[in-house]
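Visitor: Contents of model01.txt (compact mmCIF, C-alpha atoms and all ligand atoms) are given next:
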```txt
# COMPACT_ATOMS: atom_id res chain seq x y z
CA MET A 1 23.01 59.68 17.74
CA LYS A 2 23.61 57.72 14.58
CA ARG A 3 23.96 54.53 16.63
CA THR A 4 20.58 55.08 18.27
CA ALA A 5 18.88 55.64 14.95
CA LEU A 6 20.41 52.48 13.59
CA THR A 7 19.31 50.45 16.57
CA LEU A 8 15.82 51.86 16.21
CA ILE A 9 15.62 50.94 12.56
CA ALA A 10 16.96 47.50 13.36
CA SER A 11 14.42 46.88 16.06
CA PHE A 12 11.56 48.07 13.80
CA ALA A 13 12.75 45.67 11.18
CA PHE A 14 12.87 42.89 13.74
CA ALA A 15 9.39 43.73 15.00
CA ALA A 16 8.10 43.60 11.42
CA THR A 17 9.43 40.09 10.83
CA ALA A 18 8.30 38.99 14.27
CA ALA A 19 4.75 40.09 13.41
CA HIS A 20 4.73 37.47 10.67
CA ALA A 21 5.76 34.69 12.96
CA VAL A 22 4.77 35.37 16.52
CA GLU A 23 5.26 32.35 18.63
CA TYR A 24 3.24 32.17 21.80
CA GLY A 25 5.00 30.13 24.40
CA GLN A 26 5.49 32.04 27.63
CA VAL A 27 2.69 30.60 29.73
CA GLN A 28 1.31 32.98 32.36
CA PRO A 29 0.05 30.81 35.21
CA ASP A 30 -1.83 33.66 36.90
CA LYS A 31 -3.95 34.14 33.79
CA SER A 32 -4.46 30.44 33.15
CA ARG A 33 -7.02 28.11 34.63
CA ILE A 34 -7.99 24.45 34.51
CA ALA A 35 -11.42 23.54 35.87
CA PHE A 36 -13.65 20.50 35.69
CA ASP A 37 -17.43 20.19 35.61
CA TYR A 38 -19.40 17.13 36.61
CA GLN A 39 -22.77 16.09 37.98
CA GLN A 40 -23.33 14.89 41.53
CA MET A 41 -26.84 13.70 42.47
CA GLY A 42 -27.91 15.34 39.20
CA VAL A 43 -26.55 18.71 40.30
CA ALA A 44 -23.86 20.54 38.31
CA MET A 45 -20.64 20.86 40.31
CA GLN A 46 -17.33 22.50 39.54
CA GLY A 47 -13.78 22.05 40.76
CA THR A 48 -10.37 23.40 39.78
CA PHE A 49 -6.72 22.45 39.73
CA GLY A 50 -4.60 25.20 41.25
CA LYS A 51 -1.23 24.02 39.93
CA PHE A 52 -0.17 22.89 36.49
CA ALA A 53 2.84 23.31 34.29
CA SER A 54 2.49 23.86 30.57
CA GLU A 55 4.85 24.10 27.68
CA LEU A 56 3.42 25.64 24.56
CA ARG A 57 4.61 26.51 21.11
CA PHE A 58 2.04 28.08 18.84
CA ASP A 59 2.47 30.24 15.79
CA PRO A 60 -0.88 31.21 14.23
CA ALA A 61 0.91 31.36 10.87
CA ALA A 62 2.04 27.75 11.22
CA PRO A 63 -0.43 25.96 13.50
CA GLN A 64 0.58 22.53 12.18
CA SER A 65 3.92 22.86 13.93
CA ALA A 66 2.37 23.80 17.25
CA SER A 67 2.79 21.64 20.29
CA ALA A 68 1.51 21.55 23.84
CA ARG A 69 2.38 19.63 26.93
CA ILE A 70 0.38 20.19 30.09
CA GLU A 71 1.06 18.55 33.42
CA VAL A 72 -1.52 18.94 36.12
CA ASP A 73 -0.48 18.55 39.75
CA LEU A 74 -3.36 16.41 41.02
CA ALA A 75 -2.63 17.28 44.66
CA SER A 76 -3.67 20.85 43.85
CA VAL A 77 -7.29 19.82 43.30
CA ASP A 78 -10.03 21.96 44.81
CA THR A 79 -13.38 20.18 44.92
CA GLY A 80 -14.99 22.82 47.08
CA SER A 81 -14.67 20.89 50.35
CA GLU A 82 -11.74 19.52 52.34
CA GLU A 83 -13.56 16.22 52.69
CA GLY A 84 -13.82 16.03 48.90
CA ASP A 85 -10.16 16.99 48.35
CA GLU A 86 -9.02 14.24 50.72
CA GLU A 87 -11.35 11.72 49.12
CA VAL A 88 -10.18 12.24 45.53
CA ALA A 89 -6.52 11.81 46.57
CA ARG A 90 -7.29 8.22 47.68
CA LYS A 91 -6.43 5.07 45.74
CA THR A 92 -10.01 4.69 44.54
CA TRP A 93 -9.92 8.11 42.83
CA PHE A 94 -6.70 9.73 41.53
CA ASP A 95 -4.32 7.74 43.74
CA THR A 96 -2.32 10.96 43.97
CA LYS A 97 0.58 9.26 45.79
CA GLY A 98 1.08 6.70 43.04
CA PHE A 99 0.18 9.00 40.12
CA PRO A 100 0.77 12.61 41.17
CA VAL A 101 0.50 14.09 37.67
CA ALA A 102 -2.06 14.02 34.86
CA ARG A 103 -0.49 14.75 31.48
CA PHE A 104 -1.64 15.91 28.08
CA GLU A 105 0.78 15.77 25.18
CA SER A 106 -0.28 17.02 21.76
CA SER A 107 0.55 15.20 18.56
CA VAL A 108 -1.28 16.82 15.63
CA VAL A 109 -2.89 20.26 15.49
CA LYS A 110 -5.55 20.75 12.84
CA THR A 111 -6.97 24.11 11.74
CA LEU A 112 -10.75 24.19 11.51
CA GLY A 113 -10.91 27.69 10.13
CA GLY A 114 -11.20 31.03 11.88
CA ASP A 115 -9.79 30.79 15.38
CA LYS A 116 -10.82 27.15 15.82
CA TYR A 117 -8.40 24.27 16.12
CA GLU A 118 -8.42 20.61 16.94
CA VAL A 119 -5.55 19.37 19.04
CA ALA A 120 -5.07 15.62 18.97
CA GLY A 121 -2.92 14.08 21.64
CA LYS A 122 -2.50 11.66 24.47
CA LEU A 123 -4.08 12.11 27.88
CA THR A 124 -2.57 10.14 30.74
CA ILE A 125 -4.29 9.91 34.11
CA LYS A 126 -3.66 7.30 36.79
CA GLY A 127 -1.49 5.16 34.52
CA THR A 128 -4.02 5.01 31.69
CA THR A 129 -3.26 6.73 28.39
CA LYS A 130 -6.01 7.55 25.90
CA ASP A 131 -6.02 9.30 22.54
CA VAL A 132 -8.13 12.41 22.72
CA VAL A 133 -9.03 15.27 20.41
CA VAL A 134 -9.38 18.60 22.12
CA PRO A 135 -11.33 21.37 20.40
CA ALA A 136 -9.71 24.71 21.18
CA THR A 137 -9.83 28.33 20.16
CA PHE A 138 -7.01 30.83 20.01
CA THR A 139 -7.44 34.56 20.50
CA ALA A 140 -4.62 37.08 20.36
CA GLN A 141 -4.93 39.66 23.12
CA GLY A 142 -2.31 42.36 22.88
CA ASP A 143 1.03 40.58 22.92
CA SER A 144 -0.30 37.44 24.49
CA GLY A 145 -2.58 34.73 23.25
CA VAL A 146 -5.40 32.89 24.96
CA PHE A 147 -6.14 29.23 24.32
CA GLU A 148 -9.54 28.02 25.45
CA GLY A 149 -11.33 24.75 25.13
CA ALA A 150 -13.14 21.91 26.79
CA LEU A 151 -12.75 18.18 26.63
CA THR A 152 -15.28 15.66 27.90
CA ILE A 153 -13.80 12.49 29.32
CA ARG A 154 -15.39 9.54 31.05
CA ARG A 155 -13.91 9.06 34.50
CA GLY A 156 -14.56 5.32 34.21
CA ASP A 157 -12.06 5.13 31.31
CA PHE A 158 -9.30 6.16 33.71
CA SER A 159 -10.49 4.21 36.79
CA ILE A 160 -11.22 7.49 38.58
CA GLY A 161 -13.71 6.46 41.25
CA GLU A 162 -13.48 2.76 41.96
CA GLY A 163 -15.12 0.54 44.54
CA ALA A 164 -18.25 2.12 45.97
CA TRP A 165 -17.89 5.02 43.51
CA LYS A 166 -17.81 2.82 40.43
CA ALA A 167 -21.51 3.28 39.73
CA PHE A 168 -22.39 6.54 38.02
CA ASP A 169 -25.71 7.22 39.75
CA VAL A 170 -24.31 9.56 42.41
CA VAL A 171 -21.23 10.92 40.63
CA ALA A 172 -21.74 10.93 36.87
CA ASN A 173 -19.28 9.36 34.42
CA ASP A 174 -18.84 12.41 32.20
CA VAL A 175 -16.37 15.03 33.34
CA VAL A 176 -15.77 18.17 31.31
CA ILE A 177 -12.25 19.51 31.59
CA ARG A 178 -12.22 23.19 30.71
CA PHE A 179 -9.02 25.15 30.23
CA ARG A 180 -7.95 28.70 29.55
CA ILE A 181 -4.26 29.14 29.05
CA THR A 182 -2.66 32.50 28.43
CA ALA A 183 0.79 32.65 26.85
CA ALA A 184 2.88 35.66 25.99
CA ALA A 185 4.69 35.93 22.68
CA ARG A 186 8.31 34.91 22.93
CA MET B 1 -63.50 32.36 71.37
CA ASN B 2 -62.11 29.05 70.18
CA THR B 3 -61.00 26.67 72.88
CA HIS B 4 -59.19 24.42 70.41
CA TYR B 5 -56.74 24.86 67.58
CA THR B 6 -58.20 24.35 64.08
CA ALA B 7 -57.72 20.96 62.46
CA THR B 8 -55.35 22.58 59.94
CA ALA B 9 -53.23 24.11 62.70
CA LYS B 10 -53.02 20.72 64.47
CA LEU B 11 -52.13 18.87 61.30
CA LEU B 12 -49.37 21.35 60.47
CA HIS B 13 -48.10 21.36 64.06
CA TRP B 14 -47.70 17.59 64.30
CA LEU B 15 -46.53 17.04 60.76
CA ILE B 16 -43.79 19.66 61.15
CA ALA B 17 -42.92 18.39 64.65
CA LEU B 18 -42.47 14.86 63.30
CA MET B 19 -40.37 16.05 60.38
CA ILE B 20 -38.17 18.23 62.58
CA PHE B 21 -37.46 15.39 65.01
CA GLY B 22 -36.59 13.25 62.02
CA MET B 23 -34.40 15.98 60.50
CA LEU B 24 -32.45 16.48 63.72
CA GLY B 25 -31.60 12.78 63.97
CA PHE B 26 -30.97 12.54 60.23
CA GLY B 27 -28.67 15.58 60.29
CA PHE B 28 -26.48 14.36 63.14
CA TYR B 29 -26.35 10.83 61.72
CA MET B 30 -25.35 11.75 58.17
CA THR B 31 -22.64 14.27 59.11
CA GLY B 32 -20.90 11.55 61.15
CA LEU B 33 -20.58 9.19 58.18
CA ASP B 34 -17.39 8.76 56.15
CA LEU B 35 -17.69 10.14 52.64
CA SER B 36 -19.43 7.63 50.38
CA PRO B 37 -22.08 7.65 47.65
CA THR B 38 -24.62 6.86 50.39
CA LYS B 39 -23.58 9.93 52.34
CA LEU B 40 -24.03 12.15 49.30
CA GLU B 41 -27.45 10.63 48.71
CA LEU B 42 -28.45 11.20 52.33
CA TYR B 43 -27.29 14.82 52.14
CA SER B 44 -29.54 15.34 49.15
CA TRP B 45 -32.51 13.76 50.93
CA HIS B 46 -31.80 15.92 54.00
CA LYS B 47 -31.87 19.03 51.84
CA TRP B 48 -35.04 17.99 50.00
CA ALA B 49 -36.88 17.15 53.23
CA GLY B 50 -35.59 20.35 54.86
CA VAL B 51 -36.91 22.47 52.00
CA THR B 52 -40.25 20.66 52.39
CA VAL B 53 -40.29 21.63 56.08
CA PHE B 54 -39.50 25.23 55.08
CA ALA B 55 -42.48 25.27 52.68
CA LEU B 56 -44.79 23.75 55.32
CA VAL B 57 -43.65 26.35 57.86
CA LEU B 58 -44.54 29.11 55.39
CA VAL B 59 -48.03 27.61 54.98
CA ARG B 60 -48.29 27.33 58.74
CA LEU B 61 -47.30 30.97 59.25
CA ALA B 62 -49.86 32.10 56.67
CA TRP B 63 -52.53 30.07 58.47
CA ARG B 64 -51.46 31.44 61.84
CA ILE B 65 -51.76 35.03 60.64
CA GLY B 66 -55.36 34.39 59.58
CA HIS B 67 -56.37 32.32 62.63
CA LYS B 68 -55.91 33.48 66.19
CA PRO B 69 -54.95 30.61 68.51
CA PRO B 70 -57.05 29.94 71.62
CA ALA B 71 -56.20 32.20 74.56
CA LEU B 72 -53.82 31.04 77.27
CA PRO B 73 -55.47 29.79 80.47
CA ALA B 74 -56.42 32.56 82.92
CA HIS B 75 -54.39 31.08 85.77
CA MET B 76 -51.04 31.75 84.07
CA PRO B 77 -48.90 34.47 85.67
CA ALA B 78 -47.54 37.25 83.46
CA ILE B 79 -44.02 35.83 83.45
CA GLU B 80 -45.26 32.46 82.09
CA ARG B 81 -47.33 34.22 79.41
CA LEU B 82 -44.26 36.16 78.36
CA ALA B 83 -42.19 32.98 78.26
CA ALA B 84 -44.86 31.20 76.20
CA HIS B 85 -45.10 34.00 73.63
CA ALA B 86 -41.34 34.46 73.42
CA GLY B 87 -40.80 30.70 73.08
CA HIS B 88 -43.38 30.38 70.29
CA HIS B 89 -41.91 33.32 68.40
CA LEU B 90 -38.46 31.83 68.74
CA LEU B 91 -39.72 28.49 67.42
CA TYR B 92 -41.13 30.17 64.31
CA VAL B 93 -37.89 32.06 63.77
CA LEU B 94 -35.82 28.86 64.14
CA MET B 95 -38.15 26.83 61.92
CA LEU B 96 -37.48 29.38 59.17
CA ALA B 97 -33.85 30.21 59.92
CA ILE B 98 -32.61 26.60 60.09
CA PRO B 99 -33.72 25.49 56.61
CA LEU B 100 -32.79 28.92 55.24
CA SER B 101 -29.24 28.62 56.65
CA GLY B 102 -29.03 25.13 55.11
CA TRP B 103 -30.08 26.46 51.72
CA LEU B 104 -27.61 29.35 51.87
CA MET B 105 -24.84 27.03 53.09
CA SER B 106 -25.42 24.76 50.11
CA SER B 107 -25.22 27.70 47.70
CA ALA B 108 -22.03 29.01 49.29
CA LYS B 109 -20.50 25.53 49.16
CA GLY B 110 -21.25 25.32 45.45
CA PHE B 111 -23.80 22.52 45.76
CA GLN B 112 -27.08 23.85 44.49
CA THR B 113 -30.29 22.49 46.03
CA VAL B 114 -32.50 20.84 43.40
CA TRP B 115 -35.66 19.85 45.27
CA PHE B 116 -36.18 16.12 44.79
CA GLY B 117 -33.90 16.40 41.76
CA VAL B 118 -36.63 18.33 39.94
CA LEU B 119 -37.02 21.92 41.13
CA PRO B 120 -33.79 23.92 41.29
CA LEU B 121 -33.80 26.52 44.07
CA PRO B 122 -31.96 29.69 43.10
CA ASP B 123 -28.50 30.07 44.59
CA LEU B 124 -28.87 33.23 46.65
CA LEU B 125 -25.14 33.30 47.39
CA ALA B 126 -22.16 32.84 45.10
CA LYS B 127 -19.69 30.04 45.79
CA ASP B 128 -17.46 31.06 48.70
CA LYS B 129 -15.73 28.45 50.81
CA ALA B 130 -15.23 30.57 53.95
CA LEU B 131 -18.84 31.74 53.89
CA GLY B 132 -19.99 28.14 53.36
CA ASN B 133 -18.09 26.99 56.44
CA LEU B 134 -19.48 29.90 58.45
CA LEU B 135 -23.05 29.06 57.41
CA GLU B 136 -22.42 25.42 58.32
CA THR B 137 -21.58 26.60 61.85
CA VAL B 138 -24.69 28.80 61.85
CA HIS B 139 -26.83 25.82 60.80
CA VAL B 140 -25.38 23.66 63.57
CA VAL B 141 -25.64 26.32 66.31
CA LEU B 142 -29.24 27.10 65.32
CA ASN B 143 -30.01 23.38 65.56
CA TYR B 144 -28.59 23.18 69.09
CA THR B 145 -30.64 26.27 69.98
CA LEU B 146 -33.71 24.57 68.55
CA ILE B 147 -33.09 21.47 70.67
CA ALA B 148 -32.87 23.64 73.81
CA VAL B 149 -36.05 25.55 72.96
CA LEU B 150 -37.86 22.30 72.10
CA LEU B 151 -36.93 20.83 75.48
CA GLY B 152 -38.51 23.90 77.09
CA HIS B 153 -41.53 23.64 74.78
CA VAL B 154 -42.21 19.98 75.53
CA GLY B 155 -41.45 20.48 79.22
CA ALA B 156 -43.94 23.35 79.41
CA ALA B 157 -46.64 21.33 77.64
CA LEU B 158 -46.15 18.46 80.09
CA LYS B 159 -46.21 20.85 83.06
CA HIS B 160 -49.53 22.27 81.83
CA HIS B 161 -50.97 18.80 81.50
CA PHE B 162 -49.73 17.05 84.62
CA ILE B 163 -49.12 19.86 87.14
CA ASP B 164 -51.46 22.70 86.17
CA ARG B 165 -53.96 20.17 84.83
CA ASP B 166 -55.27 22.62 82.20
CA ASP B 167 -56.16 22.02 78.55
CA VAL B 168 -53.04 23.53 76.95
CA LEU B 169 -51.73 20.16 75.73
CA THR B 170 -55.06 18.53 74.88
CA ARG B 171 -56.29 21.44 72.78
CA MET B 172 -53.44 20.76 70.35
CA LEU B 173 -54.26 17.02 70.24
CA PRO B 174 -56.59 15.51 67.64
CA ARG B 175 -60.24 15.29 68.79
CA ARG B 176 -62.87 12.81 67.73
CA LYS B 177 -65.27 15.59 66.73
CA ASP B 178 -63.94 18.98 65.77
C1 LIG C 201 -36.14 21.66 59.49
C2 LIG C 201 -35.09 21.84 58.83
C3 LIG C 201 -33.71 21.31 59.16
C4 LIG C 201 -33.22 20.73 60.29
C5 LIG C 201 -33.94 20.47 61.61
C6 LIG C 201 -31.83 20.40 60.03
C7 LIG C 201 -30.98 19.80 60.93
C8 LIG C 201 -29.65 19.51 60.69
C9 LIG C 201 -28.74 18.91 61.66
C10 LIG C 201 -29.09 18.52 63.07
C11 LIG C 201 -27.53 18.78 61.05
C12 LIG C 201 -26.25 18.22 61.65
C13 LIG C 201 -25.40 19.32 62.19
C14 LIG C 201 -24.03 18.84 62.57
O1 LIG C 201 -23.84 18.43 63.71
O2 LIG C 201 -23.15 18.90 61.69
C15 LIG C 201 -27.65 19.28 59.71
C16 LIG C 201 -26.65 19.31 58.76
C17 LIG C 201 -26.79 19.77 57.47
N1 LIG C 201 -27.93 20.35 56.91
FE1 LIG C 201 -29.70 20.58 57.84
N2 LIG C 201 -31.51 20.78 58.74
C18 LIG C 201 -32.64 21.34 58.18
C19 LIG C 201 -32.78 21.84 56.90
C20 LIG C 201 -31.77 21.87 55.94
C21 LIG C 201 -31.89 22.37 54.59
C22 LIG C 201 -33.18 22.98 54.01
C23 LIG C 201 -30.69 22.21 53.98
C24 LIG C 201 -30.25 22.56 52.58
C25 LIG C 201 -31.02 22.90 51.60
C26 LIG C 201 -29.80 21.60 54.94
C27 LIG C 201 -28.49 21.27 54.68
C28 LIG C 201 -27.64 20.68 55.59
C29 LIG C 201 -26.29 20.29 55.28
C30 LIG C 201 -25.56 20.46 53.93
C31 LIG C 201 -25.76 19.74 56.45
C32 LIG C 201 -24.35 19.16 56.64
C33 LIG C 201 -23.39 20.20 57.12
C34 LIG C 201 -22.00 19.62 57.04
O3 LIG C 201 -21.44 19.65 55.95
O4 LIG C 201 -21.54 19.15 58.08
N3 LIG C 201 -30.49 21.41 56.12
N4 LIG C 201 -28.97 19.73 59.52
```
Kindly present the structure from the file in structure tokens form.
Ligand code: HEM

Guide:
Amino acid sequence: MKRTALTLIASFAFAATAAHAVEYGQVQPDKSRIAFDYQQMGVAMQGTFGKFASELRFDPAAPQSASARIEVDLASVDTGSEEGDEEVARKTWFDTKGFPVARFESSVVKTLGGDKYEVAGKLTIKGTTKDVVVPATFTAQGDSGVFEGALTIRRGDFSIGEGAWKAFDVVANDVVIRFRITAAAR
Amino acid sequence: MNTHYTATAKLLHWLIALMIFGMLGFGFYMTGLDLSPTKLELYSWHKWAGVTVFALVLVRLAWRIGHKPPALPAHMPAIERLAAHAGHHLLYVLMLAIPLSGWLMSSAKGFQTVWFGVLPLPDLLAKDKALGNLLETVHVVLNYTLIAVLLGHVGAALKHHFIDRDDVLTRMLPRRKD
């Protein structure tokens, strides 16, 4: 009886300290999503990546020490049509055989106030690495946290769509990568 | 009773006929191409022209409701009259159903139709890959049906002209004085 009470008190005490420094890091793939928006013949189109691995460390009390590393399995692309999925795997697009993974690695996280953050980092696609700044929001939902944001890249910067696709009249240059990543507190 | 179709009915008949022949060839040609920017451009033009046909068919139907066509020749047996009426109804249905299936297919495939890049048509269906593929099959099967009915339609018109020697074909042709 006494033992139980002690354990209870101990776990309350632990919960209290944990509340001050919750670290969100247990990514829940089923509640996370990476999609991309672009224009084709002037019409808004959307695709998704079904598989990606992410490693997160985020403590709202110490955002400056947060870090993120996201690796997208490019073979898991869904453009909406099989013909499209096969096309983007080719050398002229992602060259999925040569470069199977697109990677984002954070460097500096800046707080913009409220739930808004700016995550600077390096984005690597098809052998090209660029510095990017990703605007993101963080919302705590129960004992997990949701990170959301969007980053506009130019596909031309990463040689995505070469040869006949190099012009931007049919498939536009701008691609908006939108993400929603849910992570449970550790 | 009129012995000829109105000038409006003739214009719509031949304009739509020309566009549909073009669309059939266009459709089969473009789907056979390897994916390229050109193919995507052709798909868009196919959709824009198809929506135009759809709009013209609506105008034609409205005109048809207000204007009775000339009566069929008296010599036609009941079975031929039935075939003629059924065939014409089927043509109207196909002329509406084919572009409509194309529009719905595009919505289901997640590629909205924006008429000539200017007028967005509402997506009547949400994005759904399986439904998109099904509607693609519907579009194709309806097109093969149309080709079969058109063969009958043209064959019947030629039979009227060369075998029955009546005015069924000529009354749909342009006249000097109307
Ligand atoms: C008079 C109207 C139309 C005709 C006669 C027509 C005819 C055709 C034909 C013959 C094909 C090729 C079928 C095949 O073998 O794959 C085709 C394909 C196609 N049509 Fe139409 N069409 C019409 C209207 C439309 C409209 C209004 C749209 C969309 C707004 C549309 C969208 C498409 C698409 C997307 C395909 C390609 C299907 C695929 O992915 O293989 N069509 N059409």

Visitor: Show me which residues line ligand LIG 201 (chain C), defined as having an atom within 6 Å of a ligand atom where only C-alpha atoms and all ligand atoms count, and present them as a list in words.

Guide: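 So the residues close to ligand LIG 201 (chain C) are Ile20, Met23, Leu24, Gly27, Phe28, Thr31, Lys47, Gly50, Val51, Val53, Ile98, Pro99, Gly102, Trp103, Ser106, Thr113, Glu136, Val140 and Asn143 of chain B.
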
Visitor: Could you list the residues in chain B lying within 10 Å of chain A, using all atoms listed in the file, and format the result as a PyMOL selection string?

Guide: chain B and resi 34-41+43-44+108-114+116-118+120+127-129+132-133

Visitor: Please list as a list in words every residue within 10 Å of His67 (chain B), counting all atoms listed in the file and excluding residues in the same chain fewer than 3 positions away.

Guide: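 What passes the distance filter is Tyr5, Thr6, Ala9, Leu61, Ala62, Trp63, Arg64 and Pro70 of chain B.
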
Visitor: How would the residues just picked look written out with C-alpha atoms as a PDB file, keeping the file's coordinate frame?

Guide:
```pdb
ATOM      1  CA  TYR B   5     -56.740  24.860  67.580  1.00  0.00           C
ATOM      2  CA  THR B   6     -58.200  24.350  64.080  1.00  0.00           C
ATOM      3  CA  ALA B   9     -53.230  24.110  62.700  1.00  0.00           C
ATOM      4  CA  LEU B  61     -47.300  30.970  59.250  1.00  0.00           C
ATOM      5  CA  ALA B  62     -49.860  32.100  56.670  1.00  0.00           C
ATOM      6  CA  TRP B  63     -52.530  30.070  58.470  1.00  0.00           C
ATOM      7  CA  ARG B  64     -51.460  31.440  61.840  1.00  0.00           C
ATOM      8  CA  PRO B  70     -57.050  29.940  71.620  1.00  0.00           C
TER       9      PRO B  70
END
```

Visitor: CA of Ala61 (chain A) and CA of Thr111 (chain A) are how many Å apart?

Guide: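 So the answer is 10.7 Å.
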
Visitor: Quote the spacing between CA of Ala136 (chain A) and CA of Arg33 (chain A) in Å to one decimal place.

Guide: 14.1 Å

Visitor: Excluding same-chain residues fewer than 6 positions from Phe138 (chain A), what lies within 12 Å of it counting all atoms listed in the file, as a list of chain:residue names?

Guide: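 Answer for this query is A:Tyr24, A:Phe58, A:Asp59, A:Pro60, A:Pro63, A:Thr111, A:Leu112, A:Gly113, A:Gly114, A:Asp115, A:Lys116, A:Tyr117, A:Glu118, A:Val119, A:Ser144, A:Gly145, A:Val146, A:Phe147, A:Glu148, A:Gly149, A:Phe179, A:Arg180, A:Ile181, A:Thr182, A:Ala183.
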
Visitor: Enter the distance from CA of Lys126 (chain A) to CA of Ser107 (chain A), in Å, rounded to one decimal.

Guide: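 Calculated distance between CA of Lys126 (chain A) and CA of Ser107 (chain A) is 20.3 Å.
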
Visitor: Nearest to Asp164 (chain B) among B:Val141, B:Ala148, B:Ile65, B:Ala74, with distances taken over only C-alpha atoms: which residue is it?

Guide: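 Closest to Asp164 (chain B), using only C-alpha atoms: B:Ala74.
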
Visitor: Box along x, y and z, 3 Å on every side, all listed atoms of region 30-35 of chain B inside: centre and edge lengths in Å to one decimal, as JSON.

Guide:
```
{"center_x": -21.4, "center_y": 11.5, "center_z": 56.9, "size_x": 14.0, "size_y": 11.5, "size_z": 14.5}
```
